[in-house]
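Chemist: Once you've had a glance at the structure underneath, I'll fire off some questions.
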Amino acid sequence: MTLHSDTVAREVRRRRTFAIISHPDAGKSTMTEALALHARMISEAGAVHGKAGRKATVSDWMEMEKARGISVSSTALQFNYTASQSPTTPADDPDHPHVVNLVDTPGHADFSEDTYRVLTAVDAAVMLIDAAKGLEPQTLKLFQVCRHRGIPVITVVNKWDRPGRTPLELIDEISERIGLTPTPLFVPVGIAGDFRGLLDRRTGEYVRFSRTAGGAKIAPEEILDADAAAAREGDEWASALEESELLSEMGQDHDQEMFLAGQTSPMIFTSAMLNFGVRQLLEALVELAPAPAGRLDVDDNLRDVTEPFSAVVFKVQAGMDASHRDRLAYMRIVSGEFERGMVVTHAQTGKPFATKYAQAVFGRDRSTVDTAYPGDVVGLVNAMALAPGDTLFDAPRVQFPPIPSFAPEHFATLRANSAGKYKQFRKAMDQLDSEGVVQVLRNDTRGDASPVLAAVGPMQFEVVTARMKSEFGVDTTIEPLGYSLARRTDEGSRAELDRQRGVEVFTRTDGAILALFSDKWRLAYVEKELPDLTLEPLVATAD
């Protein structure tokens with residue numbers, strides 16, 4: 001191994017790259033804030049919008065996000081974290097702390113496809129569930145993506161400061177519904193709604209929390225031994241001990257190999273709003289989550305992390321800064337060392353690509369990135385040629401598999417209200433298409449003046465119309481179409497499908513030919529009557 005690869009290998013061992021997956025309103029943005037607070041990235045936590053008197057979370061920047069208290073876009077936060085010393089976790093070297101990359105994701109179900117792209121860029125996931133609601137549809141959908149991609153999952157039960165279910169109820173639900181065995185690292189002391197602290201199952205100690213005003217600061221912790229905990233909490237401590245012993249009897253203690261294999265999930269109980277249990281989550285991430293690993297290319301050859309630079313673009317975003325009107329491509333570094341200014345090759349075109357403007361981005365905050373390593377996320381400014389799924393590399397050549405698209409479920413036409421704005425309309429449509437905000441479909445019948453937009457959720461259409469107006473000055477009208485599902489087809493099937501009632505065929509920008517159907521019964525009829533036609537489900541579906 002060369003001196004350079006030694007450096008890369010050392011940097012890789014320090015890194016942890018993860019995303020948080022959850023159903024809307026489970027507290028993902030608040031948890032992101034709490035993690036940033038514990039990492040000393042910010043001095044005071046905000047909260048999700050919609051709660052009077054609270055700030056916007058720094059990870060949410062679009063006006064729509066601020067107005068509705070949701071996350072629409074993806075951002076990335078990198079911070080150093082030195083683990084505290086405990087019997088199970090030796091203290092980090094303060095001079096070489098862990099480097100944690102948190103890739104924030106859209107929280108709303110309508111933006112599942114964007115979250116799917118983010119999950120191609122991480123090595124672990126935190127599955128955040130509401131203590132009262134348990135597993136919800138969006139969480140289930142995203143967990144299946146993690147399972148498909150072999151991403152290990154840490155389960156976090158949030159909002160334990162509010163009334164909710166019992167720990168054993170939640171554990172049983174996860175085991176029964178998704179076949180993932182939770183292995184709690186901690187058991188809460190106090191029922192949901194009376195969150196006092198955590199029993200550390202590996203040390204037997206009690207971590208007692210104290211509230212701060214509005215939950216804006218890191219919650220003070222007091223570590224007590226078992227006797228002191230029993231004297232302090234009485235029956236609540238005894239109940240926590242009983243639950244811990246029962247879990248051990250059922251074999252639900254942490255096993256690292258089973259966790260990495262996707263069979264078990266370390267579990268932590270938290271209140272992101274009060275900053276209870278957040279440090280414990282960070283400690284678990286740096287101790288248990290895997291370091292970045294190599295990736296298979298399109299020919300199934302492994303690109304090892306110590307090989308020369310390569311990266312995958314997983315997100316393209318414009319309109320983040322109205323004063324600059326720039327376009328940012330997020331890339332996850334797969335191998336080698338990235339140095340700002342290096343000229344790399346864009347695998348899809350074979351053309352050189354200069355990386356002079358490389359930045360770390362979290363919300364509206366930006367900082368220049370001079371060097372980065374596998375697992376890191378870097379934003380490339382004015383990356384007009386890049387699209388999600390593209391590969392950048394330094395020799396030798398490599399190209400990674402493209403990122404599949406979700407099967408769209410909502411379809412609409414979009415047109416400019418003024419014919420004089422057609423040029424701006426086309427430019428805006430091309431940009432939003434290349435970012436992957438929506439899928440754009442065209443055919444000869446409808447022409448370019450009124451393209452068909454395809455989306456996982458209808459809120460994607462709202463993003464399109466809002467950005468058309470704010471960034472390009474184009475007022476548009478969107479009209480829903482009477483289609484509800486799509487199938488991939490081919491040129492040989494196009495003519496016959498176009499003759500069918502309730503069916504229309506389009507070409508997507510990436511060249512895929514899609515047949516849209518009015519409903520599942522129309523699809524079933526065509527499949528039965530014309531079995532020789534090509535009709536294939538899209539690779540990544542929202543089902």
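Going through the structure tokens in order, the chains are called A, B, and so on, while each chain numbers its residues from 1 and the ligands are numbered from 1 in the order shown.
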As JSON, numbers by chain, please: the residues near Asp299 (chain A) (cut-off 12 Å, only C-alpha atoms, same-chain neighbours under 2 positions excluded).
Modeler: {"A": [295, 296, 297, 301, 302, 303, 397, 398, 399, 400, 401]}
Chemist: Quick one: which region 264-334 of chain A residues come within 9 Å of region 338-353 of chain A, and what is the nearest atom pair for each with the distance in Å to one decimal, counting only C-alpha atoms, rows ordered by chain and ascending number, as JSON lines?
Modeler:
{"residue": "A:Phe309", "atom": "CA", "partner": "A:Phe338", "partner_atom": "CA", "distance": 6.3}
{"residue": "A:Ser310", "atom": "CA", "partner": "A:Phe338", "partner_atom": "CA", "distance": 8.4}
{"residue": "A:Ile333", "atom": "CA", "partner": "A:Phe338", "partner_atom": "CA", "distance": 7.8}
Chemist: Expressed in Å to a single decimal, how great is the separation between CA of Glu529 (chain A) and CA of Ser405 (chain A)?
Modeler: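 Separating CA of Glu529 (chain A) from CA of Ser405 (chain A) is a distance of 28.0 Å.
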Chemist: List the neighbours of region 208-216 of chain A out to 8 Å using only C-alpha atoms; skip same-chain residues closer than 2 positions along the sequence, and give me the result as a list in words.
Modeler: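 Those residues are Glu44, Ala45, Gly46, Arg196, Gly197, Leu198, Tyr206, Ile218, Ala219, Pro220, Glu221, Glu222, Ile223, Leu224, Met273, Leu274, Asn275 and Phe276 of chain A.
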Chemist: Take the residues from that selection and write them out as a compact mmCIF listing (two decimals), in the first residue's frame, keeping all heavy atoms.
Modeler:
# COMPACT_ATOMS: atom_id res chain seq x y z
N GLU A 44 -27.52 26.88 19.40
CA GLU A 44 -28.88 26.80 19.92
C GLU A 44 -29.77 26.13 18.89
O GLU A 44 -29.71 26.46 17.70
CB GLU A 44 -29.40 28.21 20.25
CG GLU A 44 -30.75 28.23 20.92
CD GLU A 44 -31.13 29.63 21.35
OE1 GLU A 44 -30.26 30.33 21.93
OE2 GLU A 44 -32.27 30.04 21.11
N ALA A 45 -30.58 25.20 19.33
CA ALA A 45 -31.43 24.45 18.40
C ALA A 45 -32.70 25.21 18.09
O ALA A 45 -33.29 25.85 18.96
CB ALA A 45 -31.77 23.08 18.98
N GLY A 46 -33.14 25.10 16.84
CA GLY A 46 -34.44 25.61 16.45
C GLY A 46 -35.44 24.46 16.50
O GLY A 46 -35.21 23.44 17.11
N ARG A 196 -37.34 10.30 32.08
CA ARG A 196 -36.39 10.73 33.11
C ARG A 196 -34.94 10.48 32.69
O ARG A 196 -34.06 11.27 33.02
CB ARG A 196 -36.69 9.99 34.41
CG ARG A 196 -38.13 10.14 34.87
CD ARG A 196 -38.40 9.42 36.18
NE ARG A 196 -39.81 9.46 36.54
CZ ARG A 196 -40.30 9.03 37.70
NH1 ARG A 196 -39.47 8.54 38.61
NH2 ARG A 196 -41.59 9.10 37.94
N GLY A 197 -34.71 9.38 32.01
CA GLY A 197 -33.35 9.05 31.63
C GLY A 197 -33.29 7.70 30.96
O GLY A 197 -34.31 7.14 30.55
N LEU A 198 -32.07 7.15 30.85
CA LEU A 198 -31.86 5.89 30.16
C LEU A 198 -31.03 4.92 31.01
O LEU A 198 -30.04 5.33 31.63
CB LEU A 198 -31.11 6.13 28.83
CG LEU A 198 -31.85 6.92 27.75
CD1 LEU A 198 -30.88 7.31 26.64
CD2 LEU A 198 -33.03 6.13 27.19
N TYR A 206 -27.15 4.48 35.03
CA TYR A 206 -28.32 5.30 34.75
C TYR A 206 -27.86 6.66 34.26
O TYR A 206 -27.09 7.36 34.92
CB TYR A 206 -29.15 5.45 36.04
CG TYR A 206 -30.34 6.38 35.94
CD1 TYR A 206 -31.13 6.46 34.79
CD2 TYR A 206 -30.70 7.16 37.04
CE1 TYR A 206 -32.22 7.30 34.72
CE2 TYR A 206 -31.81 8.01 36.98
CZ TYR A 206 -32.56 8.07 35.83
OH TYR A 206 -33.66 8.91 35.75
N ILE A 218 -27.95 21.83 25.02
CA ILE A 218 -27.67 20.43 25.31
C ILE A 218 -28.15 20.11 26.72
O ILE A 218 -27.87 20.84 27.67
CB ILE A 218 -26.16 20.15 25.18
CG1 ILE A 218 -25.72 20.29 23.73
CG2 ILE A 218 -25.81 18.76 25.71
CD1 ILE A 218 -24.22 20.15 23.52
N ALA A 219 -28.90 19.03 26.84
CA ALA A 219 -29.46 18.65 28.15
C ALA A 219 -28.35 18.12 29.06
O ALA A 219 -27.61 17.21 28.67
CB ALA A 219 -30.53 17.58 27.96
N PRO A 220 -28.21 18.67 30.26
CA PRO A 220 -27.21 18.15 31.21
C PRO A 220 -27.50 16.69 31.55
O PRO A 220 -28.66 16.27 31.62
CB PRO A 220 -27.38 19.05 32.44
CG PRO A 220 -28.05 20.29 31.92
CD PRO A 220 -28.93 19.83 30.80
N GLU A 221 -26.45 15.92 31.74
CA GLU A 221 -26.57 14.50 32.09
C GLU A 221 -25.89 14.23 33.43
O GLU A 221 -24.86 14.82 33.75
CB GLU A 221 -25.91 13.61 31.03
CG GLU A 221 -26.55 13.68 29.67
CD GLU A 221 -25.88 12.75 28.68
OE1 GLU A 221 -25.04 11.92 29.11
OE2 GLU A 221 -26.17 12.85 27.49
N GLU A 222 -26.48 13.31 34.17
CA GLU A 222 -25.89 12.85 35.43
C GLU A 222 -25.79 11.33 35.34
O GLU A 222 -26.78 10.66 35.03
CB GLU A 222 -26.79 13.26 36.60
CG GLU A 222 -26.24 12.90 37.96
CD GLU A 222 -27.19 13.30 39.09
OE1 GLU A 222 -28.28 13.85 38.79
OE2 GLU A 222 -26.85 13.05 40.26
N ILE A 223 -24.62 10.77 35.57
CA ILE A 223 -24.41 9.33 35.50
C ILE A 223 -24.45 8.75 36.91
O ILE A 223 -23.65 9.15 37.77
CB ILE A 223 -23.07 8.99 34.82
CG1 ILE A 223 -22.93 9.70 33.47
CG2 ILE A 223 -22.95 7.47 34.65
CD1 ILE A 223 -23.97 9.32 32.45
N LEU A 224 -25.38 7.84 37.14
CA LEU A 224 -25.54 7.21 38.46
C LEU A 224 -25.34 5.71 38.35
O LEU A 224 -25.70 5.10 37.34
CB LEU A 224 -26.94 7.50 39.01
CG LEU A 224 -27.37 8.97 39.13
CD1 LEU A 224 -28.81 9.04 39.61
CD2 LEU A 224 -26.45 9.72 40.08
N MET A 273 -36.59 17.04 20.74
CA MET A 273 -37.02 18.37 21.16
C MET A 273 -36.34 18.81 22.46
O MET A 273 -35.99 19.97 22.64
CB MET A 273 -38.54 18.40 21.32
CG MET A 273 -39.12 19.76 21.64
SD MET A 273 -38.88 20.96 20.31
CE MET A 273 -40.08 20.36 19.12
N LEU A 274 -36.13 17.85 23.37
CA LEU A 274 -35.49 18.17 24.65
C LEU A 274 -34.00 17.87 24.64
O LEU A 274 -33.32 18.12 25.63
CB LEU A 274 -36.16 17.35 25.77
CG LEU A 274 -37.65 17.59 26.02
CD1 LEU A 274 -38.13 16.71 27.18
CD2 LEU A 274 -37.93 19.05 26.31
N ASN A 275 -33.50 17.30 23.55
CA ASN A 275 -32.09 16.88 23.44
C ASN A 275 -31.75 15.76 24.41
O ASN A 275 -30.62 15.64 24.87
CB ASN A 275 -31.15 18.08 23.64
CG ASN A 275 -31.22 19.06 22.50
OD1 ASN A 275 -30.92 18.71 21.36
ND2 ASN A 275 -31.66 20.27 22.79
N PHE A 276 -32.71 14.92 24.71
CA PHE A 276 -32.47 13.73 25.54
C PHE A 276 -32.11 12.56 24.63
O PHE A 276 -32.82 12.27 23.65
CB PHE A 276 -33.73 13.34 26.33
CG PHE A 276 -34.08 14.26 27.47
CD1 PHE A 276 -33.43 15.47 27.66
CD2 PHE A 276 -35.08 13.90 28.38
CE1 PHE A 276 -33.77 16.31 28.72
CE2 PHE A 276 -35.43 14.73 29.43
CZ PHE A 276 -34.77 15.94 29.61
Chemist: Compare A:Ser470, A:Thr7, A:Thr17, A:Thr166 by their minimum atom-to-atom distance to Pro290 (chain A), counting only C-alpha atoms, and give me the closest one.
Modeler: A:Thr17
Chemist: In Å, how far is it from CA of Val126 (chain A) to CA of Ala358 (chain A)?
Modeler: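 One can read the CA of Val126 (chain A) to CA of Ala358 (chain A) distance as 27.4 Å.
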Chemist: Enter the distance from CA of Thr115 (chain A) to CA of Leu140 (chain A), in Å, rounded to one decimal.
Modeler: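 Straight-line distance from CA of Thr115 (chain A) to CA of Leu140 (chain A) works out to 13.1 Å.
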Chemist: Just checking: using only C-alpha atoms, which residue out of A:Arg487, A:His410, A:Arg149, A:Arg494 ends up closest to Leu523 (chain A)?
Modeler: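 With only C-alpha atoms as the atom set, the closest residue is A:Arg487.
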Chemist: Go through region 347-474 of chain A and collect every residue that DSSP, computed from the backbone, puts in strand (DSSP E); the answer should be as an NGL selection string.
Modeler: :A and (351-354 or 358-362 or 365-368 or 371-372 or 377-381 or 391-393 or 410-416 or 439-442 or 452-455)
